[in-house]
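J.: Below is the file model19.cif, with mmCIF, C-alpha atoms.
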```
data_start
#
loop_
_atom_site.group_PDB
_atom_site.id
_atom_site.type_symbol
_atom_site.label_atom_id
_atom_site.label_comp_id
_atom_site.auth_asym_id
_atom_site.auth_seq_id
_atom_site.Cartn_x
_atom_site.Cartn_y
_atom_site.Cartn_z
ATOM 1 C CA MET A 1 0.000 0.000 0.000
ATOM 2 C CA HIS A 2 1.347 3.410 -0.970
ATOM 3 C CA THR A 3 2.258 5.593 1.994
ATOM 4 C CA PRO A 4 1.253 9.238 1.493
ATOM 5 C CA LYS A 5 4.265 11.500 1.303
ATOM 6 C CA GLU A 6 2.783 14.419 3.222
ATOM 7 C CA GLY A 7 0.172 14.511 5.948
ATOM 8 C CA TYR A 8 -0.945 16.047 9.209
ATOM 9 C CA VAL A 9 -1.060 14.492 12.672
ATOM 10 C CA LEU A 10 -3.156 15.684 15.602
ATOM 11 C CA HIS A 11 -3.502 14.157 19.039
ATOM 12 C CA THR A 12 -6.087 14.501 21.782
ATOM 13 C CA TYR A 13 -6.709 13.162 25.269
ATOM 14 C CA GLY A 14 -8.618 14.216 28.355
ATOM 15 C CA PRO A 15 -12.082 15.852 28.254
ATOM 16 C CA GLU A 16 -14.337 15.501 25.216
ATOM 17 C CA ARG A 17 -13.931 19.179 24.314
ATOM 18 C CA PHE A 18 -10.410 18.499 23.056
ATOM 19 C CA VAL A 19 -11.565 16.044 20.396
ATOM 20 C CA GLN A 20 -14.211 18.620 19.462
ATOM 21 C CA HIS A 21 -11.358 21.069 18.942
ATOM 22 C CA ALA A 22 -9.517 18.611 16.698
ATOM 23 C CA ALA A 23 -12.598 18.003 14.562
ATOM 24 C CA ALA A 24 -13.266 21.734 14.195
ATOM 25 C CA SER A 25 -9.639 22.397 13.279
ATOM 26 C CA VAL A 26 -9.672 19.753 10.544
ATOM 27 C CA MET A 27 -12.977 21.052 9.206
ATOM 28 C CA THR A 28 -11.258 24.398 8.598
ATOM 29 C CA LEU A 29 -8.201 22.659 7.131
ATOM 30 C CA ARG A 30 -10.401 20.852 4.618
ATOM 31 C CA ARG A 31 -11.569 24.214 3.269
ATOM 32 C CA HIS A 32 -8.049 24.780 1.964
ATOM 33 C CA ASP A 33 -6.391 21.342 1.684
ATOM 34 C CA ALA A 34 -8.583 18.499 0.474
ATOM 35 C CA HIS A 35 -5.740 16.181 -0.495
ATOM 36 C CA ARG A 36 -3.202 15.641 2.287
ATOM 37 C CA PRO A 37 -4.407 13.031 4.788
ATOM 38 C CA VAL A 38 -4.888 13.682 8.482
ATOM 39 C CA ALA A 39 -4.252 11.156 11.238
ATOM 40 C CA LEU A 40 -5.483 11.426 14.805
ATOM 41 C CA PHE A 41 -4.021 9.717 17.859
ATOM 42 C CA CYS A 42 -6.545 9.645 20.687
ATOM 43 C CA PRO A 43 -8.127 7.400 23.362
ATOM 44 C CA ASP A 44 -10.878 4.960 22.403
ATOM 45 C CA THR A 45 -13.437 7.216 24.091
ATOM 46 C CA HIS A 46 -12.591 10.071 21.732
ATOM 47 C CA ARG A 47 -12.803 7.812 18.706
ATOM 48 C CA GLU A 48 -16.255 6.661 19.772
ATOM 49 C CA ARG A 49 -17.419 10.240 20.241
ATOM 50 C CA LEU A 50 -16.218 11.087 16.735
ATOM 51 C CA ARG A 51 -18.217 8.184 15.348
ATOM 52 C CA GLU A 52 -21.330 9.154 17.310
ATOM 53 C CA HIS A 53 -21.155 12.692 15.906
ATOM 54 C CA GLU A 54 -20.280 11.493 12.386
ATOM 55 C CA LYS A 55 -16.906 13.224 12.433
ATOM 56 C CA ALA A 56 -14.645 10.173 12.151
ATOM 57 C CA ASP A 57 -14.470 10.517 8.355
ATOM 58 C CA LEU A 58 -12.609 13.787 8.778
ATOM 59 C CA PHE A 59 -9.511 11.709 9.495
ATOM 60 C CA GLU A 60 -7.728 9.321 7.167
ATOM 61 C CA ASP A 61 -6.692 7.222 10.159
ATOM 62 C CA ILE A 62 -7.572 7.216 13.845
ATOM 63 C CA HIS A 63 -5.072 5.446 16.089
ATOM 64 C CA VAL A 64 -5.253 4.672 19.784
ATOM 65 C CA LEU A 65 -2.994 6.939 21.823
ATOM 66 C CA PRO A 66 -1.264 4.848 24.515
ATOM 67 C CA GLU A 67 -1.942 6.126 28.013
ATOM 68 C CA GLU A 68 1.763 6.699 28.680
ATOM 69 C CA HIS A 69 1.814 9.201 25.819
ATOM 70 C CA ALA A 70 -1.312 11.098 26.857
ATOM 71 C CA SER A 71 0.515 14.254 27.911
ATOM 72 C CA ILE A 72 2.422 17.093 26.280
ATOM 73 C CA THR A 73 5.857 15.596 26.868
ATOM 74 C CA GLY A 74 4.565 12.037 26.559
ATOM 75 C CA PHE A 75 3.589 12.777 22.962
ATOM 76 C CA LYS A 76 5.973 15.473 21.756
ATOM 77 C CA HIS A 77 9.046 13.805 23.221
ATOM 78 C CA HIS A 78 8.143 10.637 21.273
ATOM 79 C CA LEU A 79 7.121 11.977 17.862
ATOM 80 C CA HIS A 80 9.116 9.273 16.067
ATOM 81 C CA ARG A 81 6.489 6.778 17.250
ATOM 82 C CA PHE A 82 3.659 8.710 15.610
ATOM 83 C CA MET A 83 4.866 9.361 12.045
ATOM 84 C CA PRO A 84 2.459 7.719 9.555
ATOM 85 C CA TYR A 85 3.723 9.823 6.636
ATOM 86 C CA GLU A 86 7.107 10.379 5.028
ATOM 87 C CA ARG A 87 6.787 14.086 5.782
ATOM 88 C CA THR A 88 4.621 14.620 8.834
ATOM 89 C CA LEU A 89 3.373 17.949 10.179
ATOM 90 C CA PHE A 90 2.290 17.699 13.813
ATOM 91 C CA VAL A 91 -0.212 20.436 14.615
ATOM 92 C CA ASP A 92 -2.076 21.388 17.774
ATOM 93 C CA ALA A 93 -5.839 20.948 17.831
ATOM 94 C CA ASP A 94 -6.571 24.606 18.675
ATOM 95 C CA ILE A 95 -5.580 25.900 15.234
ATOM 96 C CA ILE A 96 -7.933 27.356 12.630
ATOM 97 C CA TRP A 97 -6.753 27.282 9.016
ATOM 98 C CA CYS A 98 -7.536 30.396 7.006
ATOM 99 C CA ARG A 99 -5.884 29.837 3.609
ATOM 100 C CA THR A 100 -3.986 27.222 1.638
ATOM 101 C CA PRO A 101 -0.933 25.716 3.376
ATOM 102 C CA ASP A 102 0.714 24.703 0.073
ATOM 103 C CA PRO A 103 3.471 27.369 0.307
ATOM 104 C CA LEU A 104 4.170 26.233 3.875
ATOM 105 C CA TRP A 105 4.739 22.639 2.748
ATOM 106 C CA LYS A 106 7.148 23.828 0.051
ATOM 107 C CA GLN A 107 9.175 25.758 2.636
ATOM 108 C CA LEU A 108 9.253 22.827 5.034
ATOM 109 C CA GLN A 109 10.862 20.534 2.466
ATOM 110 C CA ALA A 110 14.239 22.093 3.305
ATOM 111 C CA TYR A 111 14.213 20.638 6.836
ATOM 112 C CA PRO A 112 14.749 17.094 8.169
ATOM 113 C CA PHE A 113 13.176 18.218 11.454
ATOM 114 C CA THR A 114 11.984 21.610 12.614
ATOM 115 C CA ALA A 115 9.511 23.382 14.862
ATOM 116 C CA THR A 116 8.134 26.874 14.581
ATOM 117 C CA GLY A 117 10.038 29.353 16.673
ATOM 118 C CA ASN A 118 12.476 32.240 16.875
ATOM 119 C CA GLU A 119 16.205 32.028 16.339
ATOM 120 C CA ARG A 120 16.918 33.342 19.844
ATOM 121 C CA ALA A 121 14.942 32.760 23.031
ATOM 122 C CA ASP A 122 14.625 35.539 25.572
ATOM 123 C CA PHE A 123 14.792 35.129 29.353
ATOM 124 C CA PHE A 124 11.022 34.622 29.618
ATOM 125 C CA PHE A 125 11.248 31.382 27.606
ATOM 126 C CA GLY A 126 10.896 28.694 30.257
ATOM 127 C CA GLY A 127 11.604 31.289 32.940
ATOM 128 C CA PRO A 128 9.451 33.069 35.524
ATOM 129 C CA LYS A 129 6.714 35.329 34.204
ATOM 130 C CA ASP A 130 6.856 37.844 37.069
ATOM 131 C CA TRP A 131 9.374 40.099 38.832
ATOM 132 C CA ARG A 132 11.683 37.134 39.448
ATOM 133 C CA ILE A 133 12.762 37.315 35.813
ATOM 134 C CA ALA A 134 15.043 40.174 36.902
ATOM 135 C CA ILE A 135 17.081 37.710 38.986
ATOM 136 C CA ASP A 136 17.565 35.441 35.970
ATOM 137 C CA VAL A 137 18.716 38.418 33.917
ATOM 138 C CA ILE A 138 21.124 39.769 36.538
ATOM 139 C CA LEU A 139 22.651 36.350 37.205
ATOM 140 C CA ASN A 140 22.549 35.461 33.488
ATOM 141 C CA ARG A 141 21.144 32.031 34.288
ATOM 142 C CA ARG A 142 20.332 31.467 30.628
ATOM 143 C CA LYS A 143 24.044 31.590 29.770
ATOM 144 C CA ARG A 144 24.891 29.309 32.681
ATOM 145 C CA THR A 145 22.494 26.640 31.411
ATOM 146 C CA MET A 146 23.909 26.853 27.908
ATOM 147 C CA ARG A 147 27.482 26.563 29.167
ATOM 148 C CA ARG A 148 26.638 23.632 31.438
ATOM 149 C CA PHE A 149 25.127 21.602 28.600
ATOM 150 C CA GLY A 150 27.580 22.637 25.912
ATOM 151 C CA ILE A 151 25.259 24.536 23.575
ATOM 152 C CA THR A 152 26.156 27.849 21.997
ATOM 153 C CA HIS A 153 22.683 29.146 21.204
ATOM 154 C CA LEU A 154 19.165 28.705 22.579
ATOM 155 C CA PRO A 155 16.269 29.155 20.145
ATOM 156 C CA ARG A 156 12.662 29.808 21.097
ATOM 157 C CA VAL A 157 10.466 26.862 20.106
ATOM 158 C CA GLN A 158 6.702 27.203 19.677
ATOM 159 C CA ALA A 159 5.612 23.576 19.438
ATOM 160 C CA GLY A 160 2.181 24.178 17.913
ATOM 161 C CA MET A 161 3.709 23.006 14.632
ATOM 162 C CA ILE A 162 6.509 20.445 14.396
ATOM 163 C CA TYR A 163 7.661 19.036 11.059
ATOM 164 C CA CYS A 164 9.403 15.659 10.809
ATOM 165 C CA ALA A 165 10.805 14.257 7.573
ATOM 166 C CA HIS A 166 13.581 12.006 8.885
ATOM 167 C CA ARG A 167 12.610 9.400 11.478
ATOM 168 C CA ASP A 168 16.104 8.804 12.876
ATOM 169 C CA THR A 169 16.697 12.541 13.313
ATOM 170 C CA THR A 170 13.303 12.911 14.956
ATOM 171 C CA GLN A 171 14.062 10.092 17.383
ATOM 172 C CA SER A 172 17.454 11.578 18.268
ATOM 173 C CA VAL A 173 15.945 15.002 18.935
ATOM 174 C CA CYS A 174 13.111 13.579 21.034
ATOM 175 C CA GLU A 175 15.396 11.380 23.127
ATOM 176 C CA THR A 176 17.769 14.283 23.724
ATOM 177 C CA ALA A 177 14.870 16.518 24.722
ATOM 178 C CA ALA A 178 13.608 13.908 27.183
ATOM 179 C CA SER A 179 17.074 13.657 28.734
ATOM 180 C CA PHE A 180 17.231 17.439 29.151
ATOM 181 C CA LEU A 181 13.811 17.485 30.812
ATOM 182 C CA ALA A 182 15.001 14.826 33.274
ATOM 183 C CA LYS A 183 17.861 17.190 34.208
ATOM 184 C CA ARG A 184 15.671 20.273 34.675
ATOM 185 C CA ALA A 185 17.079 20.847 38.175
ATOM 186 C CA GLN A 186 20.441 21.564 36.533
ATOM 187 C CA THR A 187 18.936 24.294 34.323
ATOM 188 C CA HIS A 188 17.383 27.705 34.948
ATOM 189 C CA PHE A 189 14.039 26.592 33.506
ATOM 190 C CA ARG A 190 10.964 26.613 35.744
ATOM 191 C CA SER A 191 8.436 23.821 36.021
ATOM 192 C CA ARG A 192 5.085 24.767 34.512
ATOM 193 C CA LEU A 193 3.464 22.877 37.367
ATOM 194 C CA ALA A 194 4.707 25.624 39.678
ATOM 195 C CA GLU A 195 2.771 28.134 37.541
ATOM 196 C CA GLY A 196 -0.496 26.315 38.183
ATOM 197 C CA ARG A 197 -0.407 24.409 34.881
ATOM 198 C CA SER A 198 -1.480 20.780 34.768
ATOM 199 C CA GLU A 199 1.399 19.611 32.538
ATOM 200 C CA GLU A 200 5.055 20.233 31.892
ATOM 201 C CA SER A 201 6.175 22.068 28.762
ATOM 202 C CA CYS A 202 8.063 20.305 25.982
ATOM 203 C CA GLU A 203 9.343 23.481 24.387
ATOM 204 C CA TRP A 204 12.535 24.462 26.202
ATOM 205 C CA SER A 205 13.823 20.873 26.154
ATOM 206 C CA LEU A 206 13.100 20.590 22.411
ATOM 207 C CA ALA A 207 14.841 23.919 21.867
ATOM 208 C CA MET A 208 17.974 22.693 23.663
ATOM 209 C CA ALA A 209 17.881 19.419 21.739
ATOM 210 C CA MET A 210 17.557 21.208 18.401
ATOM 211 C CA SER A 211 20.506 23.398 19.336
ATOM 212 C CA GLN A 212 22.631 20.402 20.287
ATOM 213 C CA HIS A 213 21.772 18.664 16.995
ATOM 214 C CA ASN A 214 22.401 21.827 14.930
ATOM 215 C CA LEU A 215 18.825 21.992 13.667
ATOM 216 C CA GLU A 216 17.199 25.301 12.765
ATOM 217 C CA VAL A 217 13.782 26.423 13.928
ATOM 218 C CA PHE A 218 11.232 27.309 11.265
ATOM 219 C CA PRO A 219 10.786 31.113 11.468
ATOM 220 C CA TRP A 220 7.628 31.803 13.420
ATOM 221 C CA LEU A 221 7.170 35.358 12.132
ATOM 222 C CA GLN A 222 7.385 35.822 8.359
ATOM 223 C CA GLY A 223 4.633 38.301 7.612
ATOM 224 C CA ARG A 224 2.144 36.764 5.186
ATOM 225 C CA LEU A 225 4.140 33.526 5.152
ATOM 226 C CA SER A 226 4.001 33.077 8.933
ATOM 227 C CA PRO A 227 2.947 29.450 9.503
ATOM 228 C CA GLN A 228 0.821 30.320 12.538
ATOM 229 C CA LEU A 229 -0.070 33.559 14.258
ATOM 230 C CA ASP A 230 -1.479 33.979 17.739
ATOM 231 C CA PHE A 231 -5.143 34.924 17.772
ATOM 232 C CA ILE A 232 -5.463 38.364 19.366
ATOM 233 C CA GLU A 233 -8.999 39.701 19.634
ATOM 234 C CA ASP A 234 -8.053 43.345 18.984
ATOM 235 C CA TRP A 235 -5.886 42.519 15.985
ATOM 236 C CA THR A 236 -8.194 40.042 14.219
ATOM 237 C CA THR A 237 -11.285 40.749 12.135
ATOM 238 C CA TYR A 238 -13.327 37.584 11.635
ATOM 239 C CA ASP A 239 -16.793 36.139 11.233
ATOM 240 C CA PRO A 240 -18.092 33.456 13.656
ATOM 241 C CA ASP A 241 -17.166 30.623 11.249
ATOM 242 C CA PHE A 242 -13.725 32.083 10.420
ATOM 243 C CA LEU A 243 -14.487 32.066 6.708
ATOM 244 C CA ASP A 244 -13.214 35.628 6.258
ATOM 245 C CA VAL A 245 -10.248 36.526 8.479
ATOM 246 C CA THR A 246 -8.017 39.599 8.416
ATOM 247 C CA TYR A 247 -5.077 39.941 10.786
ATOM 248 C CA ARG A 248 -3.142 43.049 11.789
ATOM 249 C CA TYR A 249 0.528 42.135 11.928
ATOM 250 C CA TYR A 250 2.976 44.634 13.400
ATOM 251 C CA THR A 251 6.330 44.238 11.679
ATOM 252 C CA ASP A 252 8.237 45.759 14.598
ATOM 253 C CA ARG A 253 8.998 42.884 16.967
ATOM 254 C CA SER A 254 8.809 45.053 20.093
ATOM 255 C CA VAL A 255 5.275 46.130 19.177
ATOM 256 C CA TYR A 256 4.175 42.631 18.166
ATOM 257 C CA ALA A 257 5.523 41.265 21.457
ATOM 258 C CA LEU A 258 2.857 43.260 23.310
ATOM 259 C CA ARG A 259 0.212 40.773 22.121
ATOM 260 C CA GLY A 260 0.723 38.666 25.234
ATOM 261 C CA ILE A 261 -0.433 41.346 27.677
ATOM 262 C CA ARG A 262 -3.675 40.061 29.121
ATOM 263 C CA ASN A 263 -5.175 43.402 30.219
ATOM 264 C CA ARG A 264 -6.852 44.805 27.131
ATOM 265 C CA ALA A 265 -6.669 48.471 28.180
ATOM 266 C CA LEU A 266 -2.979 48.209 29.027
ATOM 267 C CA ARG A 267 -2.239 46.284 25.830
ATOM 268 C CA THR A 268 -4.044 48.884 23.716
ATOM 269 C CA PHE A 269 -2.299 51.771 25.461
ATOM 270 C CA LEU A 270 1.159 50.276 25.070
ATOM 271 C CA THR A 271 0.512 49.247 21.458
ATOM 272 C CA ASP A 272 -0.635 52.764 20.585
ATOM 273 C CA PHE A 273 2.341 54.286 22.406
ATOM 274 C CA MET A 274 5.000 51.985 20.982
ATOM 275 C CA SER A 275 3.639 52.209 17.454
ATOM 276 C CA SER A 276 3.664 55.999 17.686
ATOM 277 C CA LEU A 277 7.455 56.022 18.034
ATOM 278 C CA PRO A 278 9.445 56.788 14.876
ATOM 279 C CA GLY A 279 9.917 53.728 12.692
ATOM 280 C CA ARG A 280 7.656 51.462 14.744
ATOM 281 C CA SER A 281 4.233 52.122 13.266
ATOM 282 C CA ASP A 282 4.540 49.678 10.334
ATOM 283 C CA TYR A 283 1.954 46.941 10.046
ATOM 284 C CA GLN A 284 0.420 44.645 7.450
ATOM 285 C CA GLU A 285 -3.132 43.372 7.151
ATOM 286 C CA PHE A 286 -3.698 40.000 5.518
ATOM 287 C CA THR A 287 -5.375 36.615 5.818
ATOM 288 C CA PRO A 288 -3.001 34.372 7.793
ATOM 289 C CA VAL A 289 -2.215 30.767 6.955
ATOM 290 C CA SER A 290 -3.559 29.775 10.374
ATOM 291 C CA LEU A 291 -4.595 31.212 13.710
ATOM 292 C CA HIS A 292 -3.361 29.513 16.866
ATOM 293 C CA PHE A 293 -5.528 29.966 19.955
ATOM 294 C CA SER A 294 -2.653 29.337 22.339
ATOM 295 C CA TRP A 295 -3.468 32.062 24.865
ATOM 296 C CA LEU A 296 -5.939 30.848 27.474
ATOM 297 C CA HIS A 297 -7.644 34.250 27.757
ATOM 298 C CA TYR A 298 -8.289 34.368 23.982
ATOM 299 C CA LYS A 299 -9.773 30.879 23.535
ATOM 300 C CA LYS A 300 -13.479 31.741 23.857
ATOM 301 C CA PRO A 301 -14.160 32.368 20.115
ATOM 302 C CA PHE A 302 -12.491 29.074 19.217
ATOM 303 C CA ARG A 303 -14.374 27.123 21.878
ATOM 304 C CA GLU A 304 -17.691 28.538 20.704
ATOM 305 C CA PHE A 305 -16.808 27.721 17.088
ATOM 306 C CA ALA A 306 -15.760 24.147 17.974
ATOM 307 C CA GLU A 307 -18.935 23.511 19.967
ATOM 308 C CA ARG A 308 -21.079 24.742 17.088
ATOM 309 C CA MET A 309 -19.209 22.685 14.490
ATOM 310 C CA TRP A 310 -19.542 19.584 16.693
ATOM 311 C CA THR A 311 -23.295 19.634 16.171
ATOM 312 C CA MET A 312 -23.187 20.365 12.432
ATOM 313 C CA PRO A 313 -22.881 17.778 9.634
ATOM 314 C CA VAL A 314 -19.570 17.508 7.846
ATOM 315 C CA GLU A 315 -19.686 18.988 4.355
ATOM 316 C CA HIS A 316 -18.492 16.853 1.462
ATOM 317 C CA HIS A 317 -15.412 19.020 0.845
ATOM 318 C CA GLU A 318 -14.472 18.716 4.509
ATOM 319 C CA ARG A 319 -14.128 14.928 4.345
ATOM 320 C CA THR A 320 -10.676 13.478 3.891
ATOM 321 C CA ALA A 321 -9.853 12.931 0.225
ATOM 322 C CA THR A 322 -7.408 10.386 -1.160
ATOM 323 C CA ALA A 323 -3.870 11.716 -0.968
ATOM 324 C CA VAL A 324 -2.405 12.650 -4.338
ATOM 325 C CA ASN A 325 1.102 13.660 -3.252
#
```
Please render this file's structure as structure tokens.

T.:
Amino acid sequence: MHTPKEGYVLHTYGPERFVQHAAASVMTLRRHDAHRPVALFCPDTHRERLREHEKADLFEDIHVLPEEHASITGFKHHLHRFMPYERTLFVDADIIWCRTPDPLWKQLQAYPFTATGNERADFFFGGPKDWRIAIDVILNRRKRTMRRFGITHLPRVQAGMIYCAHRDTTQSVCETAASFLAKRAQTHFRSRLAEGRSEESCEWSLAMAMSQHNLEVFPWLQGRLSPQLDFIEDWTTYDPDFLDVTYRYYTDRSVYALRGIRNRALRTFLTDFMSSLPGRSDYQEFTPVSLHFSWLHYKKPFREFAERMWTMPVEHHERTATAVN
């Protein structure tokens, strides 16, 4: 049987709403890519719910996700075990696709393994998100970690999209990342559990592993070619079904970095102030390749969309077509 060359992989576990998210995400993907197959790794309970709601046909294959891999690190530190395609794009389930990903696939062909990210991580990456960051900066703990583990640069990985085209490379990266996570006490990185999160992050360990293996991140911010952009309510014009989406993209990184400020009034004030400075007012408006609802305080529109799509029949063009790659 011919193995498709290119395809997407999603994974879900936990409450039913997460498999709803996956189904909604793929329904938007099928608006723009009717050919590349999609595989889902999930518990039996999620597979049954997909069948009950007549959404199982959205996926080319649905595989059981072993319980030991039903976590962020359990899955993303073992990607080599979940590669059904020669060139596999792992994507999070809280992504809405807004236009064709064909140019993205062409760009990705240059990499044996990559994840979206920035070439250089700042101190906030894996560090404290409050006043304690000043201690990390003053003591230069980032540099100490790099020196201790023999790496010369630390990229910023955003693991919402990870591309794998070489299984042995993928396995090496994942195993190295898992070993770094096991040595977290020897690094400056903070446990996400201490922040009130329910799971550990895979991102800083993957970033260190990619650095050690001399693998480049896939540029997160590329204007119109950006593979995924964070959904920000103030910067996104959209209809409830995300059929017509326009995104305001500030080309100055210091202005764009303000998107993470949770307080809307403060974010608006700082954005207006920073963009009023000479040379920092530039922005583009375009339809992004995809919107990632990664910020907890911005998830409401996606949740409402996913719940609505869960009750609607799947259109013919949204069903998985035979791969032609």

J.: I would like the residues chosen by the PyMOL selection byres ((chain A and resi 11-25) around 7) on the shown file; could you give them as a ChimeraX atom specification?

T.: /A:9-10,26-29,40-43,46,55,70,93-96,306-307,309-310

J.: Go through A:Leu215, A:Ala265, A:Met146, A:Ala209 one by one, measure the shortest atom-to-atom distance of each to Gln186 in chain A using only C-alpha atoms, and give the residue with the smallest value.

T.: A:Met146

J.: Could you work out how far CA of Arg147 in chain A lies from CA of Ile162 in chain A, giving the answer in Å with one decimal?

T.: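 Answer for the CA of Ile162 in chain A to CA of Arg147 in chain A separation: 26.4 Å.
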
J.: When you count only C-alpha atoms, which of these residues is closest to Thr311 in chain A: A:Gln158, A:Trp235, A:Glu54, A:Pro84?

T.: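 Of A:Gln158, A:Trp235, A:Glu54, A:Pro84, the one nearest Thr311 in chain A is A:Glu54, counting only C-alpha atoms.
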
J.: Distance table requested - range 46-142 of chain A against range 32-35 of chain A, cut-off 12 Å, all atoms listed in the file: one row per qualifying residue with the closest atom pair and its distance in Å to one decimal, ordered by chain and rising residue number, as a Markdown table.

T.:
```
| residue | atom | partner | partner_atom | distance |
| --- | --- | --- | --- | --- |
| A:Leu58 | CA | A:Ala34 | CA | 10.4 |
| A:Phe59 | CA | A:Ala34 | CA | 11.3 |
| A:Glu60 | CA | A:His35 | CA | 10.5 |
| A:Ile96 | CA | A:His32 | CA | 11.0 |
| A:Trp97 | CA | A:His32 | CA | 7.6 |
| A:Cys98 | CA | A:His32 | CA | 7.6 |
| A:Arg99 | CA | A:His32 | CA | 5.7 |
| A:Thr100 | CA | A:His32 | CA | 4.8 |
| A:Pro101 | CA | A:Asp33 | CA | 7.2 |
| A:Asp102 | CA | A:Asp33 | CA | 8.0 |
| A:Pro103 | CA | A:Asp33 | CA | 11.6 |
| A:Leu104 | CA | A:Asp33 | CA | 11.8 |
| A:Trp105 | CA | A:Asp33 | CA | 11.3 |
```

J.: Determine the nearest neighbour of Met83 in chain A from the options A:His297, A:Arg47, A:Arg36, A:Arg167, counting only C-alpha atoms.

T.: A:Arg167

J.: Can you tell me which residues surround Thr88 in chain A at a distance of at most 7 Å, considering only C-alpha atoms, apart from same-chain residues fewer than 3 positions away, and format the answer as a PyMOL selection string?

T.: chain A and resi 6-9+83+85+163-165

J.: Choose the residue, out of A:Gln212, A:Ser205, A:Thr152, A:Ser276, that has the smallest atom-to-atom separation from Thr187 in chain A; count only C-alpha atoms.

T.: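 Among the listed residues, the smallest separation from Thr187 in chain A belongs to A:Ser205.
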
J.: In Å, with one decimal, what is the gap from CA of His292 in chain A to CA of Asp239 in chain A?

T.: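 Spanning CA of His292 in chain A to CA of Asp239 in chain A is a straight-line distance of 16.0 Å.
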
J.: Between CA of Leu79 in chain A and CA of Asn214 in chain A, what is the distance in Å, rounded to a tenth?

T.: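 We find that CA of Leu79 in chain A and CA of Asn214 in chain A lie 18.4 Å from each other.
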
J.: So which one's closest to Phe82 in chain A, A:Leu108, A:Gln171, A:Thr114, A:Asp282? Using all atoms listed in the file, please.

T.: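 Ranked by minimum distance to Phe82 in chain A, first place goes to A:Gln171.
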
J.: Please report, as CSV, each residue of range 107-187 of chain A lying at most 10 Å from range 220-230 of chain A, together with the nearest pair of atoms and the separation in Å rounded to one decimal; use all atoms listed in the file, and order rows by chain and ascending residue number.

T.:
```
residue,atom,partner,partner_atom,distance
A:Gln107,CA,A:Leu225,CA,9.6
A:Ala115,CA,A:Trp220,CA,8.7
A:Thr116,CA,A:Trp220,CA,5.1
A:Gly117,CA,A:Trp220,CA,4.7
A:Asn118,CA,A:Trp220,CA,6.0
A:Glu119,CA,A:Trp220,CA,9.1
A:Arg156,CA,A:Trp220,CA,9.4
A:Val157,CA,A:Trp220,CA,8.8
A:Gln158,CA,A:Trp220,CA,7.8
A:Gly160,CA,A:Gln228,CA,8.3
A:Met161,CA,A:Gln228,CA,8.1
```

J.: Kindly indicate which residue among A:Val217, A:Thr246, A:Val255, A:Thr237 lies nearest to Thr268 in chain A, using all atoms listed in the file for the distances.

T.: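 Residue with the minimum atom-to-atom distance to Thr268 in chain A: A:Val255.
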
J.: When you look at range 132-143 of chain A with a cut-off of 12 Å (counting all atoms listed in the file), what residues show up, excluding the ones that are within fewer than 6 positions of it in the same chain? I need them as a list in words.

T.: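 Listed by chain and then number, they are Arg120, Ala121, Asp122, Phe123, Phe124, Phe125, Gly126, Phe149, Gly150, Ile151, Thr152, His153, Leu154, Pro155, Gln186, Thr187, His188, Phe189, Arg190, Trp204 and Met208 of chain A.
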